[in-house]
file upload-v6.tsv (TSV, C-alpha atoms)
chain	number	residue	atom	x	y	z
T	218	MET	CA	0.00	0.00	0.00
T	219	PRO	CA	1.44	3.40	-0.94
T	220	SER	CA	2.44	5.62	1.95
T	221	VAL	CA	0.75	8.96	2.63
T	222	ARG	CA	3.94	10.65	1.51
T	223	SER	CA	3.98	8.85	-1.85
T	224	ASP	CA	0.29	9.61	-2.37
T	225	THR	CA	1.03	13.27	-1.79
T	226	GLN	CA	3.89	13.18	-4.26
T	227	TRP	CA	1.69	11.51	-6.88
T	228	LEU	CA	-0.98	14.18	-6.39
T	229	ARG	CA	1.60	16.91	-6.82
T	230	TRP	CA	2.89	15.33	-10.02
T	231	SER	CA	-0.66	14.96	-11.40
T	232	LEU	CA	-1.53	18.57	-10.68
T	233	THR	CA	1.71	19.70	-12.28
T	234	GLU	CA	1.00	17.70	-15.45
T	235	LEU	CA	-2.55	19.04	-15.66
T	236	THR	CA	-1.57	22.68	-15.28
T	237	VAL	CA	1.71	22.93	-17.18
T	238	ASP	CA	-0.03	23.31	-20.55
T	239	ARG	CA	-2.31	26.05	-19.21
T	240	VAL	CA	0.64	27.89	-17.70
T	241	ALA	CA	2.45	27.71	-21.04
T	242	LEU	CA	-0.55	29.19	-22.86
T	243	TRP	CA	-0.92	31.89	-20.20
T	244	SER	CA	2.77	32.77	-20.47
T	245	GLN	CA	2.61	32.92	-24.27
T	246	GLY	CA	-0.33	35.29	-24.01
T	247	ASN	CA	1.63	37.51	-21.64
T	248	GLU	CA	4.59	37.59	-24.01
T	249	ALA	CA	2.31	38.64	-26.84
T	250	GLY	CA	0.49	41.39	-24.95
T	251	LEU	CA	2.94	42.64	-22.33
T	252	ALA	CA	6.39	44.13	-22.26
T	253	PRO	CA	9.10	41.43	-22.06
T	254	THR	CA	10.15	42.43	-18.53
T	255	THR	CA	6.55	42.47	-17.26
T	256	ALA	CA	5.85	39.03	-18.74
T	257	LYS	CA	8.98	37.65	-17.11
T	258	ILE	CA	8.07	39.12	-13.70
T	259	ALA	CA	4.59	37.56	-13.93
T	260	LEU	CA	6.11	34.13	-14.62
T	261	ILE	CA	8.61	34.47	-11.76
T	262	THR	CA	5.80	35.46	-9.37
T	263	LEU	CA	3.71	32.45	-10.39
T	264	ASN	CA	6.73	30.21	-9.88
T	265	GLN	CA	7.20	31.49	-6.33
T	266	VAL	CA	3.50	31.01	-5.53
T	267	CYS	CA	3.57	27.43	-6.80
T	268	ARG	CA	6.72	26.63	-4.84
T	269	PHE	CA	5.11	27.90	-1.64
T	270	ALA	CA	1.89	25.94	-2.28
T	271	LEU	CA	3.82	22.67	-2.68
T	272	LEU	CA	5.61	22.99	0.64
T	273	GLU	CA	4.62	20.73	3.50
T	274	PRO	CA	2.89	22.56	6.40
T	275	GLY	CA	6.01	22.27	8.55
T	276	GLU	CA	8.19	23.63	5.74
T	277	LYS	CA	6.27	26.86	5.24
T	278	PRO	CA	7.71	29.97	6.89
T	279	ARG	CA	5.65	31.22	9.78
T	280	TRP	CA	4.66	34.87	9.88
T	281	LYS	CA	3.96	36.59	13.14
T	282	PRO	CA	2.35	40.04	13.15
T	283	GLY	CA	4.14	42.79	15.03
T	284	ARG	CA	2.88	43.39	18.55
T	285	VAL	CA	0.46	46.28	18.84
T	286	ALA	CA	1.35	48.61	21.71
T	287	ILE	CA	-1.11	49.70	24.39
T	288	LEU	CA	-1.93	53.39	24.52
T	289	GLU	CA	-3.25	54.77	27.81
T	290	GLY	CA	-2.68	57.33	30.55
T	291	ASP	CA	-0.32	60.23	29.90
T	292	ASP	CA	0.72	58.88	26.50
T	293	LEU	CA	-2.92	58.73	25.41
T	294	ALA	CA	-3.42	62.31	26.56
T	295	LYS	CA	-0.42	63.46	24.52
T	296	VAL	CA	-1.70	61.80	21.35
T	297	LEU	CA	-5.23	63.17	21.84
T	298	ASP	CA	-3.81	66.67	22.26
T	299	HIS	CA	-2.47	66.41	18.71
T	300	ALA	CA	-5.56	64.80	17.15
T	301	GLY	CA	-7.35	68.02	16.18
T	302	PRO	CA	-10.93	67.50	14.92
T	303	HIS	CA	-10.47	63.73	15.17
T	304	ARG	CA	-10.10	63.81	18.94
T	305	PRO	CA	-13.77	62.80	19.62
T	306	PRO	CA	-13.63	59.52	17.62
T	307	PHE	CA	-10.25	58.69	19.15
T	308	GLU	CA	-11.64	59.28	22.63
T	309	MET	CA	-14.56	57.01	21.82
T	310	LEU	CA	-12.23	54.25	20.66
T	311	ALA	CA	-10.09	54.60	23.77
T	312	TYR	CA	-12.98	54.46	26.24
T	313	THR	CA	-15.33	51.99	24.56
T	314	GLY	CA	-12.93	49.41	23.07
T	315	LEU	CA	-14.81	49.48	19.76
T	316	ARG	CA	-13.17	48.48	16.51
T	317	ILE	CA	-12.77	51.31	14.00
T	318	GLY	CA	-15.41	49.86	11.64
T	319	GLU	CA	-17.89	49.55	14.51
T	320	LEU	CA	-17.31	53.15	15.57
T	321	LEU	CA	-17.65	54.59	12.08
T	322	GLY	CA	-20.87	52.62	11.55
T	323	LEU	CA	-22.66	54.18	14.54
T	324	VAL	CA	-25.78	56.26	13.91
T	325	TRP	CA	-27.67	58.40	16.42
T	326	ALA	CA	-30.34	55.74	16.87
T	327	ASP	CA	-27.62	53.49	18.33
T	328	VAL	CA	-27.17	55.81	21.32
T	329	ASP	CA	-29.42	55.43	24.37
T	330	PHE	CA	-28.97	58.86	25.91
T	331	ASP	CA	-31.21	58.04	28.87
T	332	GLY	CA	-29.57	54.73	29.71
T	333	GLY	CA	-26.00	55.68	28.80
T	334	ILE	CA	-25.65	52.70	26.49
T	335	LEU	CA	-24.30	52.24	22.99
T	336	HIS	CA	-25.86	49.58	20.74
T	337	VAL	CA	-23.28	47.96	18.46
T	338	HIS	CA	-24.96	45.88	15.76
T	339	ARG	CA	-23.20	46.67	12.47
T	340	GLN	CA	-20.08	48.25	11.05
T	341	LEU	CA	-18.97	50.47	8.20
T	342	SER	CA	-17.22	48.69	5.34
T	343	ARG	CA	-14.17	49.93	3.48
T	344	LYS	CA	-16.57	51.19	0.83
T	345	ARG	CA	-18.25	53.26	3.57
T	346	LEU	CA	-21.43	51.21	3.54
T	347	HIS	CA	-23.12	49.46	6.45
T	348	ARG	CA	-22.60	45.72	6.71
T	349	GLN	CA	-23.03	42.98	9.27
T	350	LEU	CA	-20.56	42.41	12.06
T	351	LYS	CA	-18.08	39.57	11.68
T	352	THR	CA	-19.53	37.48	14.51
T	353	GLU	CA	-22.69	37.29	16.61
T	354	ALA	CA	-20.62	38.06	19.71
T	355	ALA	CA	-19.63	41.41	18.20
T	356	GLU	CA	-23.25	42.55	18.54
T	357	ARG	CA	-23.41	44.00	22.02
T	358	GLU	CA	-24.35	46.86	24.33
T	359	VAL	CA	-21.52	49.02	25.61
T	360	ILE	CA	-21.89	51.02	28.82
T	361	LEU	CA	-20.72	54.60	28.37
T	362	ALA	CA	-19.04	56.80	30.96
T	363	PRO	CA	-20.81	60.13	31.71
T	364	ALA	CA	-17.94	61.98	30.03
T	365	LEU	CA	-18.60	60.12	26.77
T	366	MET	CA	-22.32	60.82	27.03
T	367	ARG	CA	-21.52	64.53	27.33
T	368	LEU	CA	-19.22	64.25	24.32
T	369	LEU	CA	-21.99	62.64	22.24
T	370	ARG	CA	-24.61	65.18	23.33
T	371	GLN	CA	-22.32	68.05	22.38
T	372	ARG	CA	-21.60	66.42	19.05
T	373	TRP	CA	-25.31	65.90	18.35
T	374	LEU	CA	-26.07	69.56	19.12
T	375	ALA	CA	-23.28	70.74	16.84
T	376	SER	CA	-23.99	68.28	14.01
T	377	ALA	CA	-25.82	69.23	10.83
T	378	HIS	CA	-26.98	65.60	10.57
T	379	LYS	CA	-29.24	64.82	13.52
T	380	GLY	CA	-31.57	62.19	12.05
T	381	PRO	CA	-31.81	58.77	13.73
T	382	ASP	CA	-30.07	57.13	10.77
T	383	ALA	CA	-27.39	59.81	10.40
T	384	LEU	CA	-23.83	58.74	11.09
T	385	ILE	CA	-22.32	60.10	14.29
T	386	PHE	CA	-18.88	60.50	12.77
T	387	CYS	CA	-19.13	61.65	9.18
T	388	THR	CA	-17.98	64.14	6.58
T	389	ARG	CA	-19.62	67.53	6.15
T	390	ASP	CA	-22.05	66.07	3.63
T	391	GLY	CA	-23.00	63.21	5.97
T	392	ARG	CA	-20.99	60.46	4.31
T	393	GLY	CA	-19.05	57.90	6.30
T	394	LEU	CA	-15.42	58.53	7.12
T	395	ASP	CA	-12.68	56.64	5.29
T	396	TYR	CA	-11.06	54.39	7.89
T	397	ARG	CA	-7.71	54.71	6.08
T	398	ARG	CA	-7.85	58.48	6.40
T	399	VAL	CA	-8.68	58.13	10.10
T	400	GLY	CA	-5.69	55.84	10.50
T	401	ASP	CA	-3.43	58.35	8.75
T	402	VAL	CA	-4.60	61.11	11.09
T	403	PHE	CA	-3.93	58.90	14.11
T	404	ARG	CA	-0.39	58.08	12.99
T	405	ALA	CA	0.28	61.77	12.35
T	406	ALA	CA	-0.94	62.59	15.86
T	407	VAL	CA	1.37	59.94	17.31
T	408	THR	CA	4.31	61.39	15.38
T	409	ARG	CA	3.59	64.93	16.57
T	410	SER	CA	3.15	63.78	20.16
T	411	ARG	CA	6.56	62.04	20.08
T	412	VAL	CA	5.11	59.12	22.04
T	413	ARG	CA	7.24	55.99	21.68
T	414	LYS	CA	6.24	52.48	22.64
T	415	ALA	CA	7.69	48.98	22.47
T	416	GLY	CA	5.40	47.85	19.67
T	417	ARG	CA	3.38	49.34	16.86
T	418	LEU	CA	1.03	52.21	17.70
T	419	SER	CA	-2.16	52.00	15.66
T	420	LEU	CA	-5.87	52.62	16.10
T	421	HIS	CA	-6.01	49.18	17.68
T	422	SER	CA	-3.75	50.50	20.43
T	423	LEU	CA	-6.75	52.51	21.66
T	424	ARG	CA	-8.83	49.33	21.89
T	425	HIS	CA	-6.02	47.60	23.77
T	426	GLY	CA	-5.77	50.57	26.12
T	427	SER	CA	-9.48	50.30	26.90
T	428	ALA	CA	-9.13	46.62	27.80
T	429	SER	CA	-6.00	47.30	29.83
T	430	LEU	CA	-7.83	49.93	31.90
T	431	LEU	CA	-10.67	47.54	32.76
T	432	ILE	CA	-8.28	44.73	33.67
T	433	ALA	CA	-6.22	47.08	35.85
T	434	LYS	CA	-9.42	47.93	37.73
T	435	ARG	CA	-9.95	44.20	38.42
T	436	LEU	CA	-13.04	43.76	36.25
T	437	ASP	CA	-14.00	40.19	35.42
T	438	PRO	CA	-12.29	38.98	32.20
T	439	VAL	CA	-15.66	37.62	31.01
T	440	PHE	CA	-17.15	41.12	31.24
T	441	VAL	CA	-14.13	42.58	29.45
T	442	SER	CA	-14.49	39.93	26.74
T	443	ARG	CA	-18.15	40.76	26.15
T	444	ARG	CA	-17.47	44.48	26.08
T	445	LEU	CA	-14.82	43.96	23.42
T	446	GLY	CA	-17.15	41.78	21.37
T	447	HIS	CA	-15.06	38.63	21.62
T	448	ALA	CA	-16.77	35.27	21.24
T	449	ASN	CA	-15.67	34.25	24.75
T	450	ALA	CA	-13.01	34.90	27.36
T	451	ASN	CA	-10.74	32.30	25.74
T	452	VAL	CA	-10.24	34.79	22.91
T	453	THR	CA	-9.47	37.65	25.31
T	454	LEU	CA	-7.21	35.90	27.80
T	455	PRO	CA	-4.31	35.00	25.45
T	456	VAL	CA	-4.08	38.63	24.31
T	457	TYR	CA	-4.19	40.19	27.78
T	458	SER	CA	-2.82	37.39	29.95
T	459	HIS	CA	0.30	39.41	30.74
T	460	LEU	CA	-1.89	42.20	32.11
T	461	LEU	CA	-3.87	39.74	34.21
T	462	ASP	CA	-0.65	38.29	35.60
T	463	ARG	CA	0.62	41.74	36.45
T	464	ARG	CA	-2.67	42.62	38.15
T	465	GLU	CA	-2.81	39.43	40.18
T	466	HIS	CA	0.85	38.99	41.06
T	467	GLY	CA	2.44	42.42	40.65
T	468	GLU	CA	1.52	43.71	44.11
T	469	LEU	CA	2.50	40.43	45.80
T	470	ALA	CA	5.88	40.53	44.06
T	471	ARG	CA	6.37	44.15	45.11
T	472	GLN	CA	5.62	43.31	48.73
T	473	ALA	CA	7.94	40.30	48.68
T	474	PHE	CA	10.87	42.29	47.31
T	475	GLU	CA	10.21	45.14	49.73
T	476	ALA	CA	10.24	42.74	52.71
T	477	SER	CA	13.42	41.08	51.45
T	478	TYR	CA	15.13	44.43	50.95
T	479	ALA	CA	14.12	45.58	54.43
T	480	ALA	CA	15.50	42.38	55.96
T	481	MET	CA	18.75	42.78	54.03
T	482	ALA	CA	19.12	46.42	55.10
T	483	SER	CA	18.45	45.50	58.71
T	484	ALA	CA	21.08	42.74	58.64
T	485	SER	CA	23.61	45.07	57.04
T	486	GLY	CA	22.99	47.71	59.71
call {"tool": "encode", "arguments": {"input": "upload-v6.tsv", "output": "structure tokens"}}
result
Amino acid sequence: MPSVRSDTQWLRWSLTELTVDRVALWSQGNEAGLAPTTAKIALITLNQVCRFALLEPGEKPRWKPGRVAILEGDDLAKVLDHAGPHRPPFEMLAYTGLRIGELLGLVWADVDFDGGILHVHRQLSRKRLHRQLKTEAAEREVILAPALMRLLRQRWLASAHKGPDALIFCTRDGRGLDYRRVGDVFRAAVTRSRVRKAGRLSLHSLRHGSASLLIAKRLDPVFVSRRLGHANANVTLPVYSHLLDRREHGELARQAFEASYAAMASASG
């Protein structure tokens, strides 16, 4: 009986035989319609893609995204001071933990001014159109601090678009904001603030800062998970486990070192 390895090799050979003629025709078409250099680059790119696809899972290089830094406290204040007209949406991201698409998709009907609650049930797409959230867990109610309620009331009073279905954060003509433009403004604010972190500062840093604040205040990880719109705490814990460890063990470690230092100083005296 053939081994799994030999079966895999046979399948690779079969696929290669089936596609080689099509690749040849495709390459000939490129040579006829494209500049010689462009046609050659296309063939080289296809070759690299095919080589990667034929690698065994363990042979494929593993890519790890760069760590996103947490933005909070004094550093957050410095960045917000350089945000200009975009300060309100940045403040909302920092103190609600919303994703940028969720924030930009909010309309006035989503705000419960009496209850101090924000209803998150859809997001704004890259084409600046409403669409469903990625998961059912992302649909949630977010409790707002009084300061954020005041911010929203002031924005509603100053807005030219007050209808229930009008976007809270929009252009002058009421259209949705381009999330890429918002990201550019945030990065410019970070640059002007001269805030430096071990990790990449992005809009997601505001979301991380929101979670970090709640964890530092000893809120239940399950509550934090629901507020962030994660499916369950098992999604939240791996991301913020280091913060939980610091919260739970940081003070105990501090006390232990302080006692040890005092004992050492006493013995030395």
call {"tool": "atom_distance", "arguments": {"input": "upload-v6.tsv", "atom1": "atom CA of T:Leu320", "atom2": "atom CA of T:His336"}}
result
10.6 Å
call {"tool": "residues_near_point", "arguments": {"input": "upload-v6.tsv", "point": "(-1.2, 51.2, 19.8)", "cutoff": "12 Å", "atoms": "only C-alpha atoms", "output": "PDB file with C-alpha atoms, in the frame of the given file"}}
result
ATOM      1  CA  GLY T 283       4.140  42.790  15.030  1.00  0.00           C
ATOM      2  CA  ARG T 284       2.880  43.390  18.550  1.00  0.00           C
ATOM      3  CA  VAL T 285       0.460  46.280  18.840  1.00  0.00           C
ATOM      4  CA  ALA T 286       1.350  48.610  21.710  1.00  0.00           C
ATOM      5  CA  ILE T 287      -1.110  49.700  24.390  1.00  0.00           C
ATOM      6  CA  LEU T 288      -1.930  53.390  24.520  1.00  0.00           C
ATOM      7  CA  GLU T 289      -3.250  54.770  27.810  1.00  0.00           C
ATOM      8  CA  ASP T 292       0.720  58.880  26.500  1.00  0.00           C
ATOM      9  CA  LEU T 293      -2.920  58.730  25.410  1.00  0.00           C
ATOM     10  CA  VAL T 296      -1.700  61.800  21.350  1.00  0.00           C
ATOM     11  CA  PHE T 307     -10.250  58.690  19.150  1.00  0.00           C
ATOM     12  CA  LEU T 310     -12.230  54.250  20.660  1.00  0.00           C
ATOM     13  CA  ALA T 311     -10.090  54.600  23.770  1.00  0.00           C
ATOM     14  CA  GLY T 400      -5.690  55.840  10.500  1.00  0.00           C
ATOM     15  CA  PHE T 403      -3.930  58.900  14.110  1.00  0.00           C
ATOM     16  CA  ARG T 404      -0.390  58.080  12.990  1.00  0.00           C
ATOM     17  CA  VAL T 407       1.370  59.940  17.310  1.00  0.00           C
ATOM     18  CA  VAL T 412       5.110  59.120  22.040  1.00  0.00           C
ATOM     19  CA  ARG T 413       7.240  55.990  21.680  1.00  0.00           C
ATOM     20  CA  LYS T 414       6.240  52.480  22.640  1.00  0.00           C
ATOM     21  CA  ALA T 415       7.690  48.980  22.470  1.00  0.00           C
ATOM     22  CA  GLY T 416       5.400  47.850  19.670  1.00  0.00           C
ATOM     23  CA  ARG T 417       3.380  49.340  16.860  1.00  0.00           C
ATOM     24  CA  LEU T 418       1.030  52.210  17.700  1.00  0.00           C
ATOM     25  CA  SER T 419      -2.160  52.000  15.660  1.00  0.00           C
ATOM     26  CA  LEU T 420      -5.870  52.620  16.100  1.00  0.00           C
ATOM     27  CA  HIS T 421      -6.010  49.180  17.680  1.00  0.00           C
ATOM     28  CA  SER T 422      -3.750  50.500  20.430  1.00  0.00           C
ATOM     29  CA  LEU T 423      -6.750  52.510  21.660  1.00  0.00           C
ATOM     30  CA  ARG T 424      -8.830  49.330  21.890  1.00  0.00           C
ATOM     31  CA  HIS T 425      -6.020  47.600  23.770  1.00  0.00           C
ATOM     32  CA  GLY T 426      -5.770  50.570  26.120  1.00  0.00           C
ATOM     33  CA  SER T 427      -9.480  50.300  26.900  1.00  0.00           C
ATOM     34  CA  SER T 429      -6.000  47.300  29.830  1.00  0.00           C
TER      35      SER T 429
END
call {"tool": "atom_distance", "arguments": {"input": "upload-v6.tsv", "atom1": "atom CA of T:Ala354", "atom2": "atom CA of T:Leu436"}}
result
19.1 Å
call {"tool": "atom_distance", "arguments": {"input": "upload-v6.tsv", "atom1": "atom CA of T:Val439", "atom2": "atom CA of T:Arg304"}}
result
29.4 Å
call {"tool": "axis_aligned_box", "arguments": {"input": "upload-v6.tsv", "around": "stretch 297-310 of chain T", "padding_each_side": "5 Å", "output": "JSON"}}
result
{"center_x": -8.5, "center_y": 61.1, "center_z": 18.8, "size_x": 22.1, "size_y": 23.8, "size_z": 17.7}
call {"tool": "closest_residue", "arguments": {"input": "upload-v6.tsv", "among": "T:Leu431, T:Val337, T:Ala364, T:Ala377", "to": "T:Lys351", "atoms": "only C-alpha atoms"}}
result
T:Val337
call {"tool": "build_atoms", "arguments": {"input": "upload-v6.tsv", "residues": "stretch 431-446 of chain T", "atoms": "N, CA and C atoms", "output": "compact mmCIF listing (two decimals), keeping the file's coordinate frame"}}
result
# COMPACT_ATOMS: atom_id res chain seq x y z
N LEU T 431 -9.67 48.35 32.05
CA LEU T 431 -10.67 47.54 32.76
C LEU T 431 -10.00 46.42 33.56
N ILE T 432 -8.98 45.81 32.97
CA ILE T 432 -8.28 44.73 33.67
C ILE T 432 -7.54 45.27 34.89
N ALA T 433 -6.93 46.47 34.73
CA ALA T 433 -6.22 47.08 35.85
C ALA T 433 -7.15 47.39 37.01
N LYS T 434 -8.42 47.64 36.70
CA LYS T 434 -9.42 47.93 37.73
C LYS T 434 -10.08 46.66 38.26
N ARG T 435 -9.52 45.51 37.91
CA ARG T 435 -9.95 44.20 38.42
C ARG T 435 -11.36 43.80 37.97
N LEU T 436 -11.76 44.22 36.79
CA LEU T 436 -13.04 43.76 36.25
C LEU T 436 -12.90 42.32 35.76
N ASP T 437 -13.98 41.60 35.83
CA ASP T 437 -14.00 40.19 35.42
C ASP T 437 -13.62 40.07 33.94
N PRO T 438 -12.68 39.16 33.60
CA PRO T 438 -12.29 38.98 32.20
C PRO T 438 -13.46 38.63 31.28
N VAL T 439 -14.48 37.94 31.82
CA VAL T 439 -15.66 37.62 31.01
C VAL T 439 -16.39 38.90 30.62
N PHE T 440 -16.52 39.83 31.56
CA PHE T 440 -17.15 41.12 31.24
C PHE T 440 -16.34 41.88 30.20
N VAL T 441 -15.01 41.90 30.40
CA VAL T 441 -14.13 42.58 29.45
C VAL T 441 -14.27 41.97 28.06
N SER T 442 -14.35 40.64 28.01
CA SER T 442 -14.49 39.93 26.74
C SER T 442 -15.77 40.34 26.02
N ARG T 443 -16.87 40.39 26.75
CA ARG T 443 -18.15 40.76 26.15
C ARG T 443 -18.14 42.20 25.68
N ARG T 444 -17.53 43.07 26.46
CA ARG T 444 -17.47 44.48 26.08
C ARG T 444 -16.68 44.67 24.79
N LEU T 445 -15.63 43.87 24.62
CA LEU T 445 -14.82 43.96 23.42
C LEU T 445 -15.46 43.29 22.21
N GLY T 446 -16.50 42.48 22.47
CA GLY T 446 -17.15 41.78 21.37
C GLY T 446 -16.46 40.51 20.97
